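For reference, input-v9.csv is printed below; it contains CSV, C-alpha atoms.
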```csv
chain,number,residue,atom,x,y,z
K,1,MET,CA,-3.2,2.1,-40.3
K,2,ILE,CA,-1.5,-0.3,-42.8
K,3,ILE,CA,1.9,0.6,-41.4
K,4,TYR,CA,0.7,-0.1,-37.9
K,5,MET,CA,-0.6,-3.5,-38.8
K,6,TYR,CA,2.4,-4.4,-40.8
K,7,LEU,CA,4.9,-3.5,-38.0
K,8,PHE,CA,2.8,-5.3,-35.5
K,9,LYS,CA,2.6,-8.4,-37.7
K,10,ARG,CA,6.4,-8.4,-38.1
K,11,PHE,CA,7.0,-7.8,-34.4
K,12,SER,CA,4.5,-10.5,-33.3
K,13,LEU,CA,6.0,-13.1,-35.6
K,14,GLY,CA,9.5,-12.5,-34.3
K,15,LEU,CA,8.2,-12.5,-30.7
K,16,ILE,CA,6.3,-15.8,-31.1
K,17,VAL,CA,9.3,-17.6,-32.9
K,18,SER,CA,11.8,-16.4,-30.2
K,19,LEU,CA,9.4,-17.3,-27.4
K,20,ILE,CA,8.9,-20.8,-28.7
K,21,VAL,CA,12.7,-21.3,-29.0
K,22,LEU,CA,13.6,-19.8,-25.6
K,23,VAL,CA,10.8,-21.6,-23.8
K,24,SER,CA,11.8,-24.9,-25.4
K,25,LEU,CA,15.4,-24.4,-24.2
K,26,GLU,CA,14.1,-23.5,-20.7
K,27,ILE,CA,12.0,-26.7,-20.6
K,28,PHE,CA,14.9,-28.8,-21.8
K,29,PHE,CA,17.3,-27.4,-19.1
K,30,SER,CA,14.6,-27.8,-16.4
K,31,PHE,CA,14.0,-31.4,-17.4
K,32,THR,CA,17.7,-32.2,-17.3
K,33,ALA,CA,18.0,-30.5,-13.9
K,34,GLU,CA,15.1,-32.5,-12.5
K,35,ILE,CA,16.4,-35.9,-13.7
K,36,LYS,CA,18.7,-36.1,-10.7
K,37,TYR,CA,15.6,-36.3,-8.4
K,38,LEU,CA,14.1,-39.2,-10.4
K,39,ASN,CA,13.1,-42.2,-8.4
K,40,ILE,CA,13.9,-40.5,-5.1
K,41,GLY,CA,10.9,-41.0,-2.8
K,42,ASN,CA,7.7,-40.9,-4.9
K,43,TYR,CA,9.3,-38.6,-7.6
K,44,ASN,CA,8.7,-40.7,-10.7
K,45,ILE,CA,8.6,-39.8,-14.4
K,46,TYR,CA,4.9,-38.9,-14.2
K,47,THR,CA,5.5,-36.4,-11.3
K,48,LEU,CA,8.5,-35.0,-13.1
K,49,SER,CA,6.5,-34.5,-16.3
K,50,LYS,CA,3.7,-32.9,-14.4
K,51,TYR,CA,6.2,-30.6,-12.7
K,52,ILE,CA,7.6,-29.5,-16.0
K,53,VAL,CA,4.2,-28.9,-17.6
K,54,LEU,CA,2.9,-26.9,-14.6
K,55,ASN,CA,6.0,-24.7,-14.8
K,56,ILE,CA,5.5,-23.9,-18.5
K,57,PRO,CA,3.6,-20.6,-17.7
K,58,LYS,CA,6.5,-19.6,-15.4
K,59,SER,CA,9.0,-20.4,-18.2
K,60,ILE,CA,7.0,-18.2,-20.6
K,61,SER,CA,6.9,-15.4,-18.1
K,62,ILE,CA,10.7,-15.6,-17.5
K,63,MET,CA,11.6,-15.7,-21.2
K,64,PHE,CA,9.1,-13.1,-22.4
K,65,PRO,CA,11.3,-10.0,-22.0
K,66,TYR,CA,14.1,-11.8,-23.8
K,67,ALA,CA,11.7,-12.9,-26.5
K,68,VAL,CA,10.5,-9.3,-27.0
K,69,LEU,CA,14.1,-8.1,-27.3
K,70,ILE,CA,15.4,-10.9,-29.6
K,71,GLY,CA,12.3,-11.3,-31.6
K,72,SER,CA,12.0,-7.6,-32.4
K,73,MET,CA,15.7,-7.3,-33.2
K,74,LEU,CA,15.4,-10.2,-35.6
K,75,SER,CA,12.3,-8.8,-37.3
K,76,LEU,CA,13.5,-5.2,-37.4
K,77,GLY,CA,17.0,-6.3,-38.4
K,78,ALA,CA,15.5,-8.2,-41.4
K,79,MET,CA,13.5,-5.1,-42.3
K,80,ALA,CA,16.6,-2.9,-42.1
K,81,SER,CA,18.6,-5.3,-44.2
K,82,ASP,CA,15.8,-5.2,-46.9
K,83,MET,CA,15.9,-1.4,-46.8
K,84,GLU,CA,12.2,-1.4,-45.7
K,85,PHE,CA,12.9,1.5,-43.2
K,86,VAL,CA,14.5,3.5,-46.0
K,87,SER,CA,11.4,3.0,-48.1
K,88,MET,CA,9.2,4.1,-45.2
K,89,GLN,CA,11.3,7.2,-44.7
K,90,ALA,CA,11.0,7.9,-48.4
K,91,ALA,CA,7.2,7.7,-48.0
K,92,GLY,CA,7.4,10.4,-45.3
K,93,ILE,CA,7.4,8.1,-42.2
K,94,SER,CA,10.2,9.3,-39.9
K,95,THR,CA,12.5,7.0,-37.9
K,96,THR,CA,11.1,8.4,-34.7
K,97,LYS,CA,7.6,7.5,-35.7
K,98,ILE,CA,8.6,4.0,-36.6
K,99,MET,CA,10.3,3.5,-33.3
K,100,THR,CA,7.4,5.0,-31.4
K,101,ILE,CA,4.9,2.7,-33.1
K,102,ILE,CA,7.0,-0.4,-32.2
K,103,ILE,CA,7.6,0.7,-28.6
K,104,VAL,CA,4.0,1.5,-28.0
K,105,GLN,CA,2.8,-1.8,-29.5
K,106,ALA,CA,5.4,-3.7,-27.4
K,107,PHE,CA,4.4,-1.9,-24.3
K,108,ILE,CA,0.7,-2.6,-24.7
K,109,LEU,CA,1.4,-6.3,-25.5
K,110,SER,CA,3.8,-6.5,-22.5
K,111,THR,CA,1.3,-4.9,-20.1
K,112,LEU,CA,-1.5,-7.3,-21.3
K,113,PHE,CA,0.9,-10.3,-21.0
K,114,TYR,CA,2.0,-9.5,-17.4
K,115,TYR,CA,-1.5,-8.8,-16.3
K,116,ILE,CA,-2.7,-12.2,-17.5
K,117,SER,CA,0.4,-14.1,-16.3
K,118,ASP,CA,0.2,-12.5,-12.9
K,119,SER,CA,-3.0,-14.5,-12.2
K,120,ILE,CA,-1.9,-17.7,-14.0
K,121,VAL,CA,1.8,-18.2,-13.1
K,122,PRO,CA,1.5,-18.2,-9.3
K,123,THR,CA,-1.3,-20.8,-9.3
K,124,PHE,CA,0.5,-23.3,-11.6
K,125,SER,CA,4.0,-22.6,-10.1
K,126,ASN,CA,2.8,-23.2,-6.5
K,127,GLU,CA,1.0,-26.4,-7.5
K,128,ALA,CA,4.2,-27.7,-9.2
K,129,GLU,CA,6.4,-27.0,-6.2
K,130,LYS,CA,3.8,-28.5,-3.9
K,131,ASN,CA,3.6,-31.7,-5.9
K,132,LYS,CA,7.4,-32.0,-6.1
K,133,ASN,CA,8.0,-31.3,-2.4
K,134,LEU,CA,5.3,-33.9,-1.4
K,135,ALA,CA,6.8,-36.5,-3.7
K,136,LEU,CA,10.4,-35.9,-2.4
K,137,ASN,CA,9.2,-35.2,1.2
K,138,LYS,CA,11.3,-32.1,0.8
K,139,LYS,CA,11.6,-29.2,3.2
K,140,VAL,CA,10.7,-25.9,1.7
K,141,ILE,CA,12.9,-24.2,4.2
K,142,PHE,CA,15.5,-25.7,6.5
K,143,HIS,CA,18.0,-23.7,8.5
K,144,LYS,CA,20.3,-25.0,11.3
K,145,ASN,CA,19.1,-22.3,13.6
K,146,GLY,CA,15.5,-22.4,12.5
K,147,VAL,CA,13.3,-19.8,10.8
K,148,TRP,CA,11.9,-17.1,13.0
K,149,PHE,CA,8.4,-15.5,12.8
K,150,LYS,CA,6.6,-12.9,14.9
K,151,ASP,CA,2.8,-13.2,15.3
K,152,ASN,CA,1.4,-10.6,17.6
K,153,ASN,CA,3.1,-11.2,21.0
K,154,THR,CA,4.5,-14.6,20.1
K,155,TYR,CA,7.9,-15.4,18.6
K,156,ILE,CA,8.0,-18.6,16.7
K,157,LYS,CA,11.0,-20.7,15.6
K,158,ILE,CA,10.3,-23.4,13.0
K,159,ASN,CA,13.2,-25.7,12.1
K,160,GLU,CA,11.4,-27.6,9.3
K,161,ILE,CA,8.8,-26.2,6.8
K,162,TYR,CA,7.4,-28.6,4.2
K,163,SER,CA,4.6,-26.4,3.2
K,164,ASP,CA,2.3,-23.8,4.7
K,165,LYS,CA,0.2,-26.7,6.1
K,166,ASN,CA,3.0,-28.9,7.3
K,167,LEU,CA,5.5,-27.7,10.0
K,168,ARG,CA,7.9,-29.6,12.3
K,169,ASP,CA,10.1,-29.0,15.3
K,170,ILE,CA,8.4,-25.7,16.5
K,171,THR,CA,9.2,-23.6,19.5
K,172,MET,CA,6.9,-20.8,20.5
K,173,TYR,CA,7.9,-18.0,23.0
K,174,LYS,CA,4.9,-16.1,24.2
K,175,TYR,CA,5.2,-12.6,25.9
K,176,ASP,CA,2.6,-10.7,27.9
K,177,GLU,CA,1.6,-7.1,27.6
K,178,LYS,CA,4.7,-6.1,29.7
K,179,SER,CA,7.0,-7.9,27.3
K,180,THR,CA,7.7,-10.5,29.9
K,181,LEU,CA,8.2,-14.1,28.7
K,182,SER,CA,5.1,-16.0,29.9
K,183,SER,CA,5.4,-19.4,28.3
K,184,ILE,CA,7.5,-21.6,26.1
K,185,LYS,CA,5.8,-24.3,24.0
K,186,THR,CA,7.5,-26.9,21.9
K,187,ILE,CA,5.6,-28.9,19.2
K,188,VAL,CA,6.9,-31.8,17.2
K,189,GLU,CA,4.6,-31.4,14.3
K,190,ALA,CA,1.7,-29.1,13.1
K,191,ARG,CA,-0.6,-29.9,10.2
K,192,TYR,CA,-3.3,-27.7,8.8
K,193,ILE,CA,-6.3,-29.9,8.0
K,194,ASP,CA,-9.9,-28.8,7.4
K,195,LYS,CA,-9.1,-25.2,8.5
K,196,VAL,CA,-7.8,-26.4,11.9
K,197,TRP,CA,-4.2,-26.8,13.1
K,198,LYS,CA,-3.6,-30.3,14.5
K,199,LEU,CA,-0.6,-30.3,16.8
K,200,THR,CA,1.2,-33.4,18.0
K,201,LYS,CA,3.5,-34.0,21.0
K,202,ILE,CA,3.2,-30.7,22.7
K,203,GLU,CA,5.2,-29.6,25.8
K,204,GLU,CA,4.3,-26.2,27.4
K,205,THR,CA,6.3,-24.5,30.2
K,206,ILE,CA,4.3,-21.8,32.0
K,207,LEU,CA,6.6,-19.3,33.5
K,208,THR,CA,4.0,-17.0,35.1
K,209,SER,CA,2.9,-19.6,37.7
K,210,ILE,CA,4.6,-20.3,41.0
K,211,PRO,CA,6.1,-22.7,40.9
K,212,ILE,CA,6.8,-23.0,37.2
K,213,THR,CA,4.7,-25.7,35.7
K,214,LYS,CA,4.9,-28.0,32.6
K,215,LYS,CA,2.1,-29.5,30.6
K,216,TYR,CA,2.2,-32.3,28.1
K,217,PHE,CA,-0.3,-33.1,25.4
K,218,ALA,CA,-0.2,-35.9,22.9
K,219,GLU,CA,-2.5,-34.0,20.5
K,220,GLU,CA,-4.3,-30.7,20.3
K,221,GLU,CA,-6.5,-28.9,17.8
K,222,THR,CA,-6.6,-25.2,17.5
K,223,ILE,CA,-7.6,-22.4,15.2
K,224,GLU,CA,-5.2,-19.8,16.7
K,225,PHE,CA,-1.7,-21.0,16.0
K,226,ILE,CA,0.4,-19.3,13.3
K,227,ASP,CA,-1.0,-17.2,10.5
K,228,ARG,CA,-0.3,-19.1,7.2
K,229,LYS,CA,0.4,-15.7,5.5
K,230,LEU,CA,3.6,-15.5,7.5
K,231,ILE,CA,4.7,-18.8,6.2
K,232,ASN,CA,3.8,-18.0,2.6
K,233,ILE,CA,5.7,-14.7,2.8
K,234,LYS,CA,8.8,-16.7,3.8
K,235,THR,CA,8.5,-19.6,1.5
K,236,HIS,CA,7.0,-18.3,-1.7
K,237,LYS,CA,9.3,-16.8,-4.4
K,238,ALA,CA,8.5,-13.7,-6.3
K,239,THR,CA,7.4,-15.7,-9.3
K,240,SER,CA,4.9,-17.6,-7.1
K,241,LEU,CA,3.2,-14.4,-5.9
K,242,SER,CA,0.5,-12.4,-7.7
K,243,LEU,CA,0.4,-8.7,-7.3
K,244,SER,CA,-2.7,-9.0,-5.1
K,245,ASP,CA,-0.8,-11.4,-2.9
K,246,VAL,CA,2.1,-9.0,-2.5
K,247,VAL,CA,-0.3,-6.2,-1.6
K,248,LYS,CA,-1.9,-8.4,1.1
K,249,ASN,CA,1.5,-9.4,2.4
K,250,ILE,CA,2.7,-5.8,2.7
K,251,SER,CA,-0.5,-4.8,4.5
K,252,TYR,CA,-0.2,-7.8,6.9
K,253,LEU,CA,3.5,-7.0,7.7
K,254,ASP,CA,2.8,-3.3,8.2
K,255,GLN,CA,-0.1,-4.0,10.6
K,256,ASN,CA,2.2,-6.3,12.6
K,257,ASN,CA,5.1,-3.9,12.6
K,258,LEU,CA,7.3,-6.3,10.6
K,259,ASP,CA,9.8,-5.5,7.9
K,260,ALA,CA,8.0,-5.3,4.5
K,261,THR,CA,11.0,-4.2,2.4
K,262,THR,CA,11.3,-7.4,0.5
K,263,GLN,CA,7.6,-7.5,-0.4
K,264,LYS,CA,7.7,-3.8,-1.4
K,265,LYS,CA,10.6,-4.5,-3.7
K,266,ILE,CA,8.7,-7.4,-5.3
K,267,TYR,CA,5.7,-5.1,-5.7
K,268,TRP,CA,7.6,-2.4,-7.5
K,269,ASP,CA,9.4,-5.0,-9.6
K,270,LYS,CA,6.0,-6.2,-10.8
K,271,ILE,CA,4.7,-2.7,-11.4
K,272,PHE,CA,7.7,-1.7,-13.5
K,273,LYS,CA,8.1,-5.0,-15.3
K,274,PRO,CA,6.4,-3.8,-18.6
K,275,PHE,CA,8.5,-0.6,-18.5
K,276,SER,CA,11.7,-2.6,-17.9
K,277,THR,CA,10.9,-4.8,-20.9
K,278,ILE,CA,10.4,-1.8,-23.2
K,279,ILE,CA,13.5,0.0,-21.9
K,280,MET,CA,15.5,-3.1,-22.8
K,281,LEU,CA,14.0,-2.9,-26.3
K,282,PHE,CA,14.6,0.8,-26.5
K,283,LEU,CA,18.3,0.3,-25.6
K,284,SER,CA,18.8,-1.8,-28.7
K,285,MET,CA,17.0,0.5,-31.1
K,286,PRO,CA,20.1,2.6,-32.0
K,287,PHE,CA,21.8,-0.5,-33.3
K,288,ILE,CA,19.0,-1.1,-35.8
K,289,PHE,CA,18.2,2.5,-37.0
K,290,GLY,CA,21.7,3.9,-36.8
K,291,ARG,CA,23.7,3.8,-40.0
K,292,GLN,CA,21.3,1.5,-41.8
K,293,ARG,CA,23.5,1.3,-44.9
K,294,SER,CA,26.4,-0.1,-42.9
K,295,SER,CA,27.5,-3.6,-43.8
K,296,ASN,CA,27.9,-4.8,-40.2
K,297,LEU,CA,24.2,-4.7,-39.3
K,298,SER,CA,24.2,-8.3,-38.0
K,299,GLN,CA,27.0,-7.4,-35.6
K,300,ARG,CA,25.2,-4.4,-34.3
K,301,ILE,CA,22.0,-6.4,-33.8
K,302,VAL,CA,23.9,-8.9,-31.6
K,303,LEU,CA,25.5,-6.0,-29.7
K,304,GLY,CA,22.1,-4.5,-29.2
K,305,VAL,CA,20.7,-7.7,-27.8
K,306,PHE,CA,23.6,-8.1,-25.4
K,307,ILE,CA,23.1,-4.5,-24.2
K,308,GLY,CA,19.4,-5.1,-23.6
K,309,ILE,CA,20.1,-8.3,-21.7
K,310,ALA,CA,22.8,-6.6,-19.7
K,311,PHE,CA,20.2,-3.9,-18.7
K,312,PHE,CA,17.8,-6.6,-17.6
K,313,ILE,CA,20.4,-8.3,-15.5
K,314,ILE,CA,21.7,-5.1,-13.9
K,315,SER,CA,18.1,-3.9,-13.2
K,316,SER,CA,17.6,-7.2,-11.3
K,317,ILE,CA,20.7,-6.9,-9.2
K,318,LEU,CA,20.6,-3.2,-8.3
K,319,PRO,CA,17.3,-3.4,-6.3
K,320,ASN,CA,18.7,-6.2,-4.2
K,321,LEU,CA,21.8,-4.1,-3.6
K,322,GLY,CA,19.6,-1.1,-2.7
K,323,MET,CA,17.9,-3.2,0.0
K,324,VAL,CA,21.2,-4.0,1.5
K,325,LEU,CA,22.1,-0.3,1.5
K,326,GLY,CA,18.7,0.7,3.0
K,327,ILE,CA,17.4,2.5,-0.1
K,328,ALA,CA,13.7,2.7,-0.5
K,329,PRO,CA,12.4,-0.1,-2.8
K,330,ILE,CA,10.7,2.2,-5.2
K,331,ILE,CA,13.9,4.2,-5.7
K,332,SER,CA,16.1,1.2,-6.0
K,333,VAL,CA,13.8,-0.3,-8.7
K,334,LEU,CA,13.1,2.9,-10.5
K,335,LEU,CA,16.7,4.3,-10.6
K,336,PRO,CA,18.2,1.7,-13.0
K,337,ASN,CA,15.3,2.3,-15.4
K,338,LEU,CA,15.8,6.1,-15.4
K,339,LEU,CA,19.6,5.8,-15.8
K,340,PHE,CA,19.3,3.4,-18.8
K,341,ILE,CA,16.6,5.6,-20.4
K,342,ILE,CA,19.0,8.5,-20.3
K,343,ALA,CA,21.8,6.3,-21.7
K,344,GLY,CA,19.6,4.9,-24.4
K,345,LYS,CA,18.5,8.4,-25.5
K,346,TYR,CA,22.1,9.5,-25.7
K,347,LEU,CA,23.1,6.4,-27.7
K,348,LEU,CA,20.1,6.8,-30.0
K,349,ASP,CA,20.9,10.5,-30.7
K,350,TYR,CA,24.5,9.7,-31.4
K,351,GLN,CA,23.7,6.9,-33.8
K,352,LEU,CA,21.0,8.9,-35.7
K,353,GLN,CA,23.4,11.8,-36.0
K,354,ALA,CA,26.2,9.5,-37.3
K,355,SER,CA,23.8,8.0,-39.9
K,356,LEU,CA,23.4,11.5,-41.4
K,357,ARG,CA,27.1,12.1,-41.8
```
Represent the structure from my file as structure tokens, please.
Amino acid sequence: MIIYMYLFKRFSLGLIVSLIVLVSLEIFFSFTAEIKYLNIGNYNIYTLSKYIVLNIPKSISIMFPYAVLIGSMLSLGAMASDMEFVSMQAAGISTTKIMTIIIVQAFILSTLFYYISDSIVPTFSNEAEKNKNLALNKKVIFHKNGVWFKDNNTYIKINEIYSDKNLRDITMYKYDEKSTLSSIKTIVEARYIDKVWKLTKIEETILTSIPITKKYFAEEETIEFIDRKLINIKTHKATSLSLSDVVKNISYLDQNNLDATTQKKIYWDKIFKPFSTIIMLFLSMPFIFGRQRSSNLSQRIVLGVFIGIAFFIISSILPNLGMVLGIAPIISVLLPNLLFIIAGKYLLDYQLQASLR
């Protein structure tokens, strides 16, 4: 039990120090990136500071896997330099058992962290982006040809999205049960206020009547307009979605026969996040426990860190490539993890055998 507590203490200390340093750097770079928006619209120093503070949980979540890797490498590297692992082995504790203890502790801590952050990060991140967009009067999405949605039998093109409650320049194409275009409606602006959509400057062309007729309305209130879930699916980034949100999005898209590949990819990313963090740590283990008496330990620690980070980058890129190639999201997310586990096991066996020569 003493060895468990000692290793956890050393691991946690390295993690906390690394996390503080990395998050501080992230906050600094975020602040410098936001300065260019200062005094544009209502984006003042108070709004900027609030944006940075609200994004701190997001920064912690982004930097956590790197902090696990770097912190553990620094802690374990210091222990290896002081020959503590040699002493443990002399006391009958094998290298495999030491690595197992560290990996299990890191996995439990990572799982707990991602579970907590999954409910905290989206709330604060969405609030930060909302405040920034309102201050800058900034569009969340703007495309020259508009953003297209499908809601039941209606196809909707929105040119300007400021939030899921503020839409502008909207065109709606409604089809009947025979897939025949029945009406075209244009709306200058739509705002969601008190659970009701308030539309302004509406022009509707009814194609099913003979002759074709047009209707004009200065204002209109309706409950049935566009499901805000559709807008959130398009506008929210993966870091702004909780796991429960992703599950709801997948269910909604499947029920409406819409492509849910992106949301499924986000879902499996979140599920395997603790495993990816530990695999990244596992990849760097051979550089700590292999050839412990070698004088170039610091170089091997740096190399181990780079290999771990390279895995995290590659495992982020390959799932997106898999989506392009039409590979199932679970396979495209799981495959890099499996490949790097095999590579890490081979590298670890090689280093351990070399240390015995």
**OP:** To one decimal in Å, tell me the separation between atom CA of Ile102 of chain K and atom CA of Tyr114 of chain K.
**Re:** 18.1 Å
Original post:
Looking at K:Phe225, K:Tyr66, K:Trp197, K:Phe289, which one is nearest to Lys150 of chain K, with distances taken over only C-alpha atoms?
Top reply: K:Phe225
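Restricting the calculation to all atoms listed in the file, the smallest distance between Ser24 of chain K and any of K:Ser59, K:Asn232, K:Ser182, K:Asn39 is found for K:Ser59.
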Please provide the set of residues having any atom within 12 Å of Ala310 of chain K, restricted to all atoms listed in the file, with same-chain residues fewer than 4 positions apart removed, written as an mmCIF file with C-alpha atoms, keeping the file's coordinate frame.
```cif
data_model
loop_
_atom_site.group_PDB
_atom_site.id
_atom_site.type_symbol
_atom_site.label_atom_id
_atom_site.label_comp_id
_atom_site.auth_asym_id
_atom_site.auth_seq_id
_atom_site.Cartn_x
_atom_site.Cartn_y
_atom_site.Cartn_z
ATOM 1 C CA TYR K 66 14.100 -11.800 -23.800
ATOM 2 C CA LEU K 69 14.100 -8.100 -27.300
ATOM 3 C CA SER K 276 11.700 -2.600 -17.900
ATOM 4 C CA ILE K 279 13.500 0.000 -21.900
ATOM 5 C CA MET K 280 15.500 -3.100 -22.800
ATOM 6 C CA LEU K 281 14.000 -2.900 -26.300
ATOM 7 C CA LEU K 283 18.300 0.300 -25.600
ATOM 8 C CA SER K 284 18.800 -1.800 -28.700
ATOM 9 C CA LEU K 303 25.500 -6.000 -29.700
ATOM 10 C CA GLY K 304 22.100 -4.500 -29.200
ATOM 11 C CA VAL K 305 20.700 -7.700 -27.800
ATOM 12 C CA PHE K 306 23.600 -8.100 -25.400
ATOM 13 C CA ILE K 314 21.700 -5.100 -13.900
ATOM 14 C CA SER K 315 18.100 -3.900 -13.200
ATOM 15 C CA SER K 316 17.600 -7.200 -11.300
ATOM 16 C CA ILE K 317 20.700 -6.900 -9.200
ATOM 17 C CA PRO K 336 18.200 1.700 -13.000
ATOM 18 C CA PHE K 340 19.300 3.400 -18.800
#
```
Original post:
Of the candidates K:Val121, K:Leu199, K:Ile223, K:Ile45, which shows the shortest atom-to-atom distance to Ser242 of chain K, using only C-alpha atoms?
Top reply: K:Val121
Report as a JSON list (two decimals) with C-alpha atoms, keeping the file's coordinate frame all protein, DNA and RNA residues lying within 8 Å of Leu48 of chain K, evaluated on only C-alpha atoms, omitting residues in the same chain fewer than 5 positions from it.
```json
[["chain", "number", "residue", "atom", "x", "y", "z"],
["K", 31, "PHE", "CA", 14.00, -31.40, -17.40],
["K", 34, "GLU", "CA", 15.10, -32.50, -12.50],
["K", 35, "ILE", "CA", 16.40, -35.90, -13.70],
["K", 38, "LEU", "CA", 14.10, -39.20, -10.40],
["K", 43, "TYR", "CA", 9.30, -38.60, -7.60],
["K", 132, "LYS", "CA", 7.40, -32.00, -6.10]]
```
Original post:
Could you name the residues that touch Ile3 of chain K at 12 Å or less, counting only C-alpha atoms, but leaving out those on the same chain fewer than 4 positions away, as a VMD selection string?
Top reply: chain K and resid 7 to 10 84 to 85 87 to 89 91 to 93 97 to 98 101 to 102
Serialized selection, C-alpha atoms, as a PDB file, in the frame of the given file:
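The result, written out as again.pdb:
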```
ATOM      1  CA  LEU K   7       4.900  -3.500 -38.000  1.00  0.00           C
ATOM      2  CA  PHE K   8       2.800  -5.300 -35.500  1.00  0.00           C
ATOM      3  CA  LYS K   9       2.600  -8.400 -37.700  1.00  0.00           C
ATOM      4  CA  ARG K  10       6.400  -8.400 -38.100  1.00  0.00           C
ATOM      5  CA  GLU K  84      12.200  -1.400 -45.700  1.00  0.00           C
ATOM      6  CA  PHE K  85      12.900   1.500 -43.200  1.00  0.00           C
ATOM      7  CA  SER K  87      11.400   3.000 -48.100  1.00  0.00           C
ATOM      8  CA  MET K  88       9.200   4.100 -45.200  1.00  0.00           C
ATOM      9  CA  GLN K  89      11.300   7.200 -44.700  1.00  0.00           C
ATOM     10  CA  ALA K  91       7.200   7.700 -48.000  1.00  0.00           C
ATOM     11  CA  GLY K  92       7.400  10.400 -45.300  1.00  0.00           C
ATOM     12  CA  ILE K  93       7.400   8.100 -42.200  1.00  0.00           C
ATOM     13  CA  LYS K  97       7.600   7.500 -35.700  1.00  0.00           C
ATOM     14  CA  ILE K  98       8.600   4.000 -36.600  1.00  0.00           C
ATOM     15  CA  ILE K 101       4.900   2.700 -33.100  1.00  0.00           C
ATOM     16  CA  ILE K 102       7.000  -0.400 -32.200  1.00  0.00           C
TER      17      ILE K 102
END
```
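Reported to one decimal place, the separation of atom CA of Phe113 of chain K from atom CA of Val17 of chain K is 16.3 Å.
Computed from the coordinates, the atom CA of Lys270 of chain K to atom CA of Asn256 of chain K distance equals 23.7 Å.
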Original post:
Looking at K:Thr208, K:Ser12, K:Ser240, K:Ser94, which one is nearest to Ser110 of chain K, with distances taken over only C-alpha atoms?
Top reply: K:Ser12
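With all atoms listed in the file as the atoms that count, the minimum distance from His236 of chain K to the choices K:Ile266, K:Ala106, K:Ala218, K:Ile20 is reached by K:Ile266.
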Subject >> Within-12 Å shell of (0.5, -26.7, -11.5) in input frame, all atoms listed in the file, as a PyMOL selection string >> reply: chain K and resi 47-58+120-132+240
Original post:
Taking into account only C-alpha atoms, which residue in the set K:Ser183, K:Thr205, K:Ser30, K:Ser119 is nearest to Ser61 of chain K?
Top reply: K:Ser119
Original post:
So which residues fall inside 12 Å of (10.9, -0.1, -24.4) if we count all atoms listed in the file? Mind giving them as a PyMOL selection string?
Top reply: chain K and resi 65+68-69+72+99-111+272-285+308+311-312+337-338+340-341+344-345
For C-alpha atoms, I'd like the residues from the last selection saved as a CSV table (one decimal), in the coordinates of the input.
```csv
chain,number,residue,atom,x,y,z
K,65,PRO,CA,11.3,-10.0,-22.0
K,68,VAL,CA,10.5,-9.3,-27.0
K,69,LEU,CA,14.1,-8.1,-27.3
K,72,SER,CA,12.0,-7.6,-32.4
K,99,MET,CA,10.3,3.5,-33.3
K,100,THR,CA,7.4,5.0,-31.4
K,101,ILE,CA,4.9,2.7,-33.1
K,102,ILE,CA,7.0,-0.4,-32.2
K,103,ILE,CA,7.6,0.7,-28.6
K,104,VAL,CA,4.0,1.5,-28.0
K,105,GLN,CA,2.8,-1.8,-29.5
K,106,ALA,CA,5.4,-3.7,-27.4
K,107,PHE,CA,4.4,-1.9,-24.3
K,108,ILE,CA,0.7,-2.6,-24.7
K,109,LEU,CA,1.4,-6.3,-25.5
K,110,SER,CA,3.8,-6.5,-22.5
K,111,THR,CA,1.3,-4.9,-20.1
K,272,PHE,CA,7.7,-1.7,-13.5
K,273,LYS,CA,8.1,-5.0,-15.3
K,274,PRO,CA,6.4,-3.8,-18.6
K,275,PHE,CA,8.5,-0.6,-18.5
K,276,SER,CA,11.7,-2.6,-17.9
K,277,THR,CA,10.9,-4.8,-20.9
K,278,ILE,CA,10.4,-1.8,-23.2
K,279,ILE,CA,13.5,0.0,-21.9
K,280,MET,CA,15.5,-3.1,-22.8
K,281,LEU,CA,14.0,-2.9,-26.3
K,282,PHE,CA,14.6,0.8,-26.5
K,283,LEU,CA,18.3,0.3,-25.6
K,284,SER,CA,18.8,-1.8,-28.7
K,285,MET,CA,17.0,0.5,-31.1
K,308,GLY,CA,19.4,-5.1,-23.6
K,311,PHE,CA,20.2,-3.9,-18.7
K,312,PHE,CA,17.8,-6.6,-17.6
K,337,ASN,CA,15.3,2.3,-15.4
K,338,LEU,CA,15.8,6.1,-15.4
K,340,PHE,CA,19.3,3.4,-18.8
K,341,ILE,CA,16.6,5.6,-20.4
K,344,GLY,CA,19.6,4.9,-24.4
K,345,LYS,CA,18.5,8.4,-25.5
```
